[in-house]
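Engineer: Sharing model-v3.cif (mmCIF, C-alpha atoms and all ligand atoms) below.
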data_my_file
#
loop_
_atom_site.label_atom_id
_atom_site.label_comp_id
_atom_site.auth_asym_id
_atom_site.auth_seq_id
_atom_site.Cartn_x
_atom_site.Cartn_y
_atom_site.Cartn_z
CA MET I 1 18.17 110.97 -44.71
CA THR I 2 19.14 112.51 -48.01
CA ASP I 3 22.90 112.49 -48.31
CA GLN I 4 24.14 116.05 -47.77
CA LEU I 5 27.25 115.70 -49.90
CA GLU I 6 25.39 114.11 -52.79
CA LEU I 7 22.99 117.07 -52.77
CA HIS I 8 25.87 119.48 -52.40
CA GLU I 9 27.57 118.23 -55.53
CA LYS I 10 24.53 119.18 -57.60
CA ILE I 11 23.65 122.44 -55.85
CA SER I 12 27.17 123.88 -55.93
CA SER I 13 27.31 123.53 -59.71
CA TRP I 14 24.19 125.70 -60.08
CA PHE I 15 25.92 128.71 -58.50
CA HIS I 16 28.65 128.83 -61.12
CA SER I 17 26.09 128.79 -63.87
CA ALA I 18 24.16 131.56 -62.08
CA ARG I 19 27.39 133.59 -61.95
CA ASP I 20 27.86 133.32 -65.71
CA GLN I 21 24.29 134.51 -66.28
CA ILE I 22 24.69 137.42 -63.85
CA LEU I 23 28.01 138.57 -65.32
CA ASN I 24 26.55 138.26 -68.83
CA SER I 25 23.79 140.69 -67.90
CA LYS I 26 26.40 143.47 -68.11
CA GLN I 27 26.33 142.88 -71.87
CA THR I 28 22.67 141.99 -72.30
CA GLY I 29 21.42 144.88 -70.11
CA LEU I 30 19.35 145.07 -66.95
CA ASN I 31 15.66 145.95 -66.58
CA VAL I 32 15.01 147.50 -63.19
CA ASP I 33 11.53 147.66 -61.65
CA TYR I 34 10.30 149.00 -58.31
CA LYS I 35 8.42 146.75 -55.88
CA THR I 36 7.13 148.59 -52.76
CA SER I 37 9.26 151.76 -53.01
CA ARG I 38 12.10 153.43 -54.94
CA LEU I 39 14.51 151.62 -52.58
CA ASP I 40 13.01 148.18 -53.19
CA LEU I 41 14.28 147.04 -56.60
CA VAL I 42 13.89 143.93 -58.70
CA THR I 43 15.62 143.20 -62.01
CA ASN I 44 15.18 140.68 -64.80
CA MET I 45 18.24 138.91 -63.31
CA ASP I 46 16.55 138.45 -59.88
CA ARG I 47 13.62 136.82 -61.66
CA GLY I 48 15.77 134.89 -64.15
CA ILE I 49 18.11 133.40 -61.54
CA GLU I 50 15.22 132.36 -59.29
CA LYS I 51 13.55 130.70 -62.28
CA PHE I 52 16.83 128.92 -63.09
CA TYR I 53 17.15 127.53 -59.52
CA ARG I 54 13.50 126.46 -59.50
CA GLU I 55 13.97 124.57 -62.77
CA LYS I 56 17.11 122.83 -61.44
CA ILE I 57 15.33 121.85 -58.21
CA ARG I 58 12.27 120.52 -60.08
CA GLU I 59 14.48 118.59 -62.51
CA ASN I 60 16.64 116.99 -59.78
CA PHE I 61 14.26 116.80 -56.80
CA PRO I 62 10.73 116.78 -58.22
CA ASP I 63 8.91 116.38 -54.88
CA SER I 64 10.36 119.57 -53.41
CA ASN I 65 8.53 122.56 -51.96
CA ILE I 66 10.02 125.94 -52.75
CA MET I 67 9.83 129.45 -51.31
CA GLY I 68 11.57 132.22 -53.26
CA GLU I 69 11.59 135.99 -52.91
CA GLU I 70 10.51 136.62 -56.48
CA GLY I 71 8.08 133.78 -56.98
CA GLN I 72 5.59 131.39 -55.55
CA LYS I 73 5.84 130.71 -51.83
CA ASP I 74 5.05 127.22 -50.55
CA GLU I 75 4.14 126.84 -46.88
CA PHE I 76 7.10 125.81 -44.69
CA ARG I 77 4.99 124.54 -41.81
CA SER I 78 3.13 121.94 -43.84
CA SER I 79 6.08 120.83 -45.91
CA GLN I 80 7.63 117.42 -45.40
CA GLY I 81 10.55 116.24 -47.52
CA LEU I 82 12.84 118.77 -49.16
CA PHE I 83 12.01 122.45 -48.70
CA TRP I 84 14.04 125.15 -50.46
CA VAL I 85 14.34 128.85 -49.68
CA ILE I 86 15.80 130.98 -52.47
CA ASP I 87 17.12 134.54 -52.57
CA PRO I 88 18.40 134.75 -56.15
CA ILE I 89 20.14 138.11 -55.70
CA ASP I 90 20.56 139.45 -52.18
CA GLY I 91 21.57 143.10 -52.28
CA THR I 92 19.78 144.03 -55.49
CA MET I 93 20.46 147.73 -54.85
CA ASN I 94 24.20 146.99 -54.70
CA PHE I 95 23.94 144.82 -57.80
CA VAL I 96 22.30 147.67 -59.73
CA LYS I 97 24.33 150.60 -58.35
CA GLN I 98 27.73 149.01 -57.67
CA GLY I 99 27.90 145.77 -59.64
CA THR I 100 29.36 144.11 -56.54
CA HIS I 101 28.61 143.40 -52.83
CA PHE I 102 25.69 141.10 -53.53
CA ALA I 103 25.07 137.39 -52.92
CA SER I 104 22.95 134.51 -54.17
CA MET I 105 21.51 132.26 -51.47
CA ILE I 106 19.81 128.91 -51.08
CA ALA I 107 18.74 127.13 -47.88
CA VAL I 108 17.61 123.50 -47.88
CA TYR I 109 15.52 121.79 -45.17
CA GLN I 110 14.49 118.19 -44.82
CA ASP I 111 11.29 117.51 -42.87
CA GLN I 112 11.59 121.09 -41.52
CA LYS I 113 15.11 120.56 -40.20
CA PRO I 114 18.10 122.49 -41.62
CA LEU I 115 20.11 120.42 -44.09
CA LEU I 116 22.33 122.76 -46.14
CA GLY I 117 22.94 126.51 -46.42
CA TYR I 118 24.61 128.42 -49.25
CA ILE I 119 25.76 132.02 -49.52
CA TYR I 120 27.53 132.72 -52.79
CA ASP I 121 29.64 135.89 -53.01
CA VAL I 122 29.15 136.18 -56.75
CA ILE I 123 31.79 138.73 -57.74
CA ASN I 124 34.56 137.26 -55.57
CA ASP I 125 33.46 133.77 -56.63
CA HIS I 126 33.45 132.30 -53.12
CA LEU I 127 30.83 129.81 -52.02
CA TYR I 128 30.14 129.63 -48.28
CA TRP I 129 28.28 126.40 -47.55
CA GLY I 130 27.66 123.81 -44.90
CA GLY I 131 25.09 122.44 -42.52
CA PRO I 132 24.53 120.45 -39.34
CA GLY I 133 27.27 117.90 -38.85
CA LEU I 134 29.35 119.29 -41.71
CA GLY I 135 30.66 122.58 -40.39
CA VAL I 136 31.07 125.51 -42.78
CA TYR I 137 33.30 125.74 -45.82
CA ARG I 138 34.52 128.59 -47.97
CA ASP I 139 34.86 126.71 -51.27
CA ASP I 140 36.98 123.69 -50.18
CA GLN I 141 38.42 125.24 -47.04
CA LYS I 142 36.82 124.52 -43.67
CA LEU I 143 36.19 127.61 -41.53
CA THR I 144 37.09 127.61 -37.86
CA ALA I 145 34.37 128.83 -35.51
CA PRO I 146 34.93 132.53 -34.72
CA MET I 147 36.15 133.44 -31.24
CA ASP I 148 33.43 134.40 -28.75
CA LEU I 149 34.34 138.11 -28.82
CA ALA I 150 32.59 140.73 -26.72
CA LEU I 151 30.82 143.65 -28.41
CA ALA I 152 33.66 146.05 -27.56
CA ASP I 153 36.12 143.87 -29.46
CA GLY I 154 34.38 143.75 -32.84
CA LEU I 155 32.59 145.60 -35.62
CA LEU I 156 28.81 145.45 -35.75
CA GLY I 157 26.97 145.11 -39.08
CA VAL I 158 23.66 146.97 -39.02
CA ASN I 159 20.80 147.94 -41.26
CA GLY I 160 21.23 151.60 -42.26
CA ALA I 161 17.61 152.65 -41.62
CA MET I 162 17.59 151.05 -38.16
CA LEU I 163 20.77 152.91 -37.25
CA MET I 164 19.53 156.25 -38.60
CA HIS I 165 16.29 156.01 -36.61
CA ASN I 166 17.99 154.60 -33.49
CA TYR I 167 15.62 151.65 -33.64
CA ARG I 168 15.27 150.14 -30.13
CA ASN I 169 18.39 152.00 -29.02
CA VAL I 170 20.69 150.37 -31.56
CA GLN I 171 22.98 153.41 -31.49
CA THR I 172 23.97 152.51 -27.92
CA ALA I 173 24.98 149.02 -29.07
CA VAL I 174 27.02 150.54 -31.90
CA LYS I 175 28.74 152.97 -29.50
CA GLN I 176 29.83 150.05 -27.33
CA SER I 177 31.22 148.16 -30.35
CA ALA I 178 34.36 148.89 -32.36
CA GLY I 179 32.14 150.61 -34.96
CA ALA I 180 29.23 150.12 -37.35
CA ARG I 181 29.40 148.63 -40.83
CA ILE I 182 26.59 148.84 -43.39
CA TYR I 183 27.11 146.62 -46.43
CA GLY I 184 23.57 146.51 -47.89
CA SER I 185 23.40 142.73 -48.38
CA ALA I 186 22.30 140.40 -45.61
CA GLY I 187 24.27 137.57 -47.25
CA ILE I 188 27.51 139.56 -47.34
CA GLU I 189 26.92 140.65 -43.72
CA PHE I 190 26.44 137.03 -42.62
CA ILE I 191 29.73 136.11 -44.35
CA HIS I 192 31.55 138.71 -42.25
CA VAL I 193 30.12 137.27 -39.02
CA LEU I 194 30.88 133.67 -40.07
CA GLN I 195 34.51 134.62 -40.65
CA GLY I 196 34.85 136.61 -37.42
CA GLN I 197 35.25 139.92 -39.32
CA CYS I 198 32.20 141.35 -37.57
CA VAL I 199 31.04 140.44 -34.08
CA GLY I 200 27.38 140.56 -35.15
CA TYR I 201 24.79 141.73 -37.66
CA LEU I 202 21.37 143.18 -36.99
CA SER I 203 18.56 143.80 -39.48
CA HIS I 204 14.86 143.48 -40.17
CA LEU I 205 14.71 140.51 -42.55
CA ARG I 206 12.41 138.09 -44.39
CA PRO I 207 13.03 134.30 -44.40
CA TRP I 208 14.99 134.25 -47.69
CA ASP I 209 17.33 136.95 -46.33
CA TYR I 210 18.39 134.92 -43.28
CA ALA I 211 17.61 131.22 -43.96
CA ALA I 212 20.97 130.20 -45.46
CA GLY I 213 22.96 132.45 -43.12
CA ALA I 214 21.18 131.06 -40.07
CA ILE I 215 22.02 127.46 -41.03
CA LEU I 216 25.69 128.37 -41.47
CA ALA I 217 25.88 130.52 -38.33
CA GLU I 218 24.39 127.78 -36.15
CA SER I 219 26.92 125.33 -37.54
CA LEU I 220 29.66 127.65 -36.20
CA ASN I 221 28.15 128.04 -32.69
CA LEU I 222 27.01 131.60 -33.35
CA ILE I 223 23.65 132.74 -31.95
CA VAL I 224 20.98 133.62 -34.49
CA LYS I 225 17.58 134.65 -33.13
CA THR I 226 15.29 137.64 -32.95
CA ILE I 227 16.51 140.49 -30.76
CA ASP I 228 13.85 139.41 -28.26
CA GLY I 229 15.48 136.00 -27.96
CA GLN I 230 12.88 134.11 -30.00
CA PRO I 231 13.80 131.41 -32.52
CA LEU I 232 13.39 132.55 -36.14
CA GLY I 233 10.05 131.62 -37.71
CA MET I 234 9.76 130.94 -41.41
CA VAL I 235 6.80 133.13 -42.34
CA GLU I 236 7.11 136.70 -41.07
CA SER I 237 9.78 139.32 -41.20
CA GLU I 238 11.86 139.45 -38.06
CA ASP I 239 14.40 141.65 -36.25
CA VAL I 240 17.24 139.20 -36.72
CA LEU I 241 20.47 139.31 -34.73
CA VAL I 242 23.36 136.98 -35.52
CA ALA I 243 26.32 137.36 -33.19
CA THR I 244 28.88 135.67 -31.00
CA PRO I 245 27.27 134.42 -27.77
CA GLN I 246 28.81 137.27 -25.73
CA ALA I 247 27.87 140.01 -28.19
CA TYR I 248 24.38 138.53 -28.59
CA ARG I 249 23.74 138.84 -24.84
CA GLN I 250 25.13 142.37 -24.71
CA ILE I 251 23.19 143.67 -27.74
CA THR I 252 19.86 142.17 -26.68
CA GLY I 253 20.46 143.53 -23.16
CA ILE I 254 20.70 147.03 -24.63
CA MET I 255 17.92 146.70 -27.21
CA THR I 256 15.32 145.08 -24.99
CA ALA I 257 15.89 147.32 -21.94
CA GLU I 258 12.98 149.55 -20.82
CA SER I 259 13.78 153.11 -21.84
P1 LIG I 301 17.31 142.05 -51.25
O1 LIG I 301 18.33 142.84 -51.95
O2 LIG I 301 17.31 140.60 -51.59
O3 LIG I 301 15.92 142.64 -51.32
C1 LIG I 301 19.56 145.63 -47.77
O4 LIG I 301 19.67 146.38 -46.59
C2 LIG I 301 19.37 144.18 -47.37
O5 LIG I 301 18.05 144.04 -46.81
C3 LIG I 301 19.43 143.23 -48.52
O6 LIG I 301 19.89 142.00 -48.04
C4 LIG I 301 17.99 143.19 -48.98
O7 LIG I 301 17.69 142.00 -49.69
C5 LIG I 301 17.26 143.21 -47.66
N1 LIG I 301 15.89 143.69 -47.72
C6 LIG I 301 14.85 143.09 -47.09
N2 LIG I 301 13.71 143.77 -47.31
C7 LIG I 301 14.02 144.82 -48.10
C8 LIG I 301 13.25 145.91 -48.69
N3 LIG I 301 11.94 146.04 -48.50
N4 LIG I 301 13.90 146.81 -49.45
C9 LIG I 301 15.23 146.71 -49.66
N5 LIG I 301 15.98 145.72 -49.12
C10 LIG I 301 15.41 144.78 -48.36
CA CA I 302 14.34 142.39 -52.85
CA CA I 303 17.54 139.45 -49.62
CA CA I 304 16.69 139.30 -53.32
#
The structure in this file should be written as C-alpha cells.
Ligand code: 2AM
Ligand code: CA
Ligand code: CA
Ligand code: CA
Structural biologist:
Amino acid sequence: MTDQLELHEKISSWFHSARDQILNSKQTGLNVDYKTSRLDLVTNMDRGIEKFYREKIRENFPDSNIMGEEGQKDEFRSSQGLFWVIDPIDGTMNFVKQGTHFASMIAVYQDQKPLLGYIYDVINDHLYWGGPGLGVYRDDQKLTAPMDLALADGLLGVNGAMLMHNYRNVQTAVKQSAGARIYGSAGIEFIHVLQGQCVGYLSHLRPWDYAAGAILAESLNLIVKTIDGQPLGMVESEDVLVATPQAYRQITGIMTAES
C-alpha cells in the first residue's frame, strides 16, 4: 500500500504552485473559450493547471493512469495501481465572472479504491484533504464529522438549473429545508457539507466534479450516492446527492416518489 502521507506531502505542494499560476493569470490575461454552450466555459488556466498536475504526476508516479476534465481520459475500470482524477478549475464560470468561489480538485485511487481526496479553495487558500483511515483536514486542522441533521435543520446546496426546472420535485425538498444555496462550484458546495454548513448538496455531475468530494464526504460518515440510492460510477454523469444520513433519506424519499 502506497503510504498516504508520503503521497500527501508531494501532492499538497502542487496546489500552492497552482495557486500562484492562477493568481498570476490576472496579470497575464485569460483566454475564454466555449465548450458545449455559452454557459460551459474553459480558459487557458483550466488547460494549463491540468497540464501542470499531469506533468507532476508523471514525474513523481510514472505508472499512473489519469482522467482529467480538460484532457485525455484513461479508463477507471481497467486501471490497477494509482489512478488520478483531476478537475483543474471547478467553477470556471465563477473564476471568469467573479474571480473567486472556485476550487481545484484531485482524487487519487489505488487499485480502484479511494486513497486521497483534495479540494483546494484557491482564493481563501484552504486545502481540504483526507482519505480512508485519515479523516478530513482543513490545512492542518482535523474536521469533526458534521452532526446528522435533518433536512429541516439545514441549508441545501442545489444546482440552479435543477431548481429552476423543479427537477424530480427538488423544490419540495428545498421547501422542507432551511433554504437553498447555489454557489456554482461543486467543490465549494462539498466543502460546505463537509463542514456542516449545508445539510446536503444536489447536482448533475461528472466524475471529476464529485470524485474528491466523495472521498472526503465518506471519510466523515456522510452519504454520497445517486438520488436513486446507487453507488457513484466513474464513467457517466450522475445525479449526485451528498448529505447527512437523515437528510439523504428525506431528500431521496421526496425525489424518487411517484408523482
Ligand atoms: P466546472 O466549472 O469544472 O465545469 C456549476 O454549476 C458546477 O457544475 C461546477 O462545479 C461545474 O464544474 C459543474 N458542471 C458540470 N457540468 C457542467 C456544464 N456542462 N456546464 C457548466 N458547469 C458544469
Ligand atoms: Ca467545465
Ligand atoms: Ca467541475
Ligand atoms: Ca473544471
Engineer: Can you pull out the residues contacting Glu50 (chain I)? Cut-off 12 Å, using all atoms listed in the file, and skip same-chain residues under 5 positions away; I want them as a ChimeraX atom specification.
Structural biologist: /I:14-15,18,21-22,42-45,55-57,66-72,84-90,104-106,208
Engineer: With distances taken over all atoms listed in the file, which residue among I:Val242, I:Leu115, I:Ala150, I:Leu194 lies nearest Gly81 (chain I)?
Structural biologist: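 For Gly81 (chain I), the nearest of the candidates is I:Leu115.
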Engineer: At a cut-off of 10 Å, using all atoms listed in the file, what residues contact Ser12 (chain I)? Leave out same-chain residues fewer than 6 positions from it and give the result as a PDB file with C-alpha atoms, keeping the file's coordinate frame.
Structural biologist:
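Resulting contents of out.pdb:
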ATOM      1  CA  TYR I 118      24.610 128.420 -49.250  1.00  0.00           C
ATOM      2  CA  TYR I 120      27.530 132.720 -52.790  1.00  0.00           C
ATOM      3  CA  LEU I 127      30.830 129.810 -52.020  1.00  0.00           C
ATOM      4  CA  TRP I 129      28.280 126.400 -47.550  1.00  0.00           C
ATOM      5  CA  ASP I 139      34.860 126.710 -51.270  1.00  0.00           C
TER       6      ASP I 139
END
Engineer: Choose the residue, out of I:Arg58, I:Arg181, I:Arg249, I:Arg47, that has the smallest atom-to-atom separation from ligand CA 302 (chain I); count only C-alpha atoms and all ligand atoms.
Structural biologist: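 Distance minimum relative to ligand CA 302 (chain I) lands on I:Arg47.
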Engineer: Could you please determine the separation between CA of Lys97 (chain I) and atom N1 of ligand LIG 301 (chain I) in Å, to one decimal place?
Structural biologist: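 Spanning CA of Lys97 (chain I) to atom N1 of ligand LIG 301 (chain I) is a straight-line distance of 15.2 Å.
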Engineer: State, in Å with one decimal place, the distance from CA of Asp40 (chain I) to CA of Ala161 (chain I).
Structural biologist: 13.2 Å
Engineer: Pick out the residues sitting within 12 Å of Gln230 (chain I), and hand them over as a list in words; count all atoms listed in the file, and ignore anything fewer than 4 positions along from it in its own chain.
Structural biologist: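 Result of the neighbour search: Ile223, Val224, Lys225, Thr226, Glu238, Asp239, Val240, Leu241 and Thr252 of chain I.
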Engineer: Out of I:Asn159, I:Ser64, I:Ser79, I:Gln250, which residue has the shortest atom-to-atom distance to Ser177 (chain I) when counting all atoms listed in the file?
Structural biologist: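 The answer is I:Gln250, which sits nearest to Ser177 (chain I).
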Engineer: Neighbours of ligand LIG 301 (chain I) at 9 Å or closer, counting all atoms listed in the file: which residues, as a ChimeraX atom specification?
Structural biologist: /I:35-42,46,69,87-95,102-104,158-161,182-189,203-206,208-210,237
Engineer: Looking at only C-alpha atoms and all ligand atoms, which of I:Tyr137, I:Pro207, I:Lys142, I:Glu75 is the one that sits closest to ligand CA 304 (chain I)?
Structural biologist: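 The closest residue to ligand CA 304 (chain I) is I:Pro207.
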Engineer: Could you give me, as a PyMOL selection string, the residues within 9 Å of Gln80 (chain I), counting only C-alpha atoms and dropping anything in the same chain fewer than 3 positions from it?
Structural biologist: chain I and resi 64-65+76-77+83+110-112
Engineer: Would you mind telling me which residue in I:Ile119, I:Asp148, I:Leu222, I:Leu232 lies nearest to ligand CA 303 (chain I) when using only C-alpha atoms and all ligand atoms?
Structural biologist: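 Closest to ligand CA 303 (chain I) of all the choices is I:Ile119.
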Engineer: Is it possible to get the residues within 8 Å of (31.0, 129.1, -36.7) (coordinates as in the file, counting all atoms listed in the file) written as a VMD selection string?
Structural biologist: chain I and resid 135 to 136 143 to 146 194 to 195 216 to 222
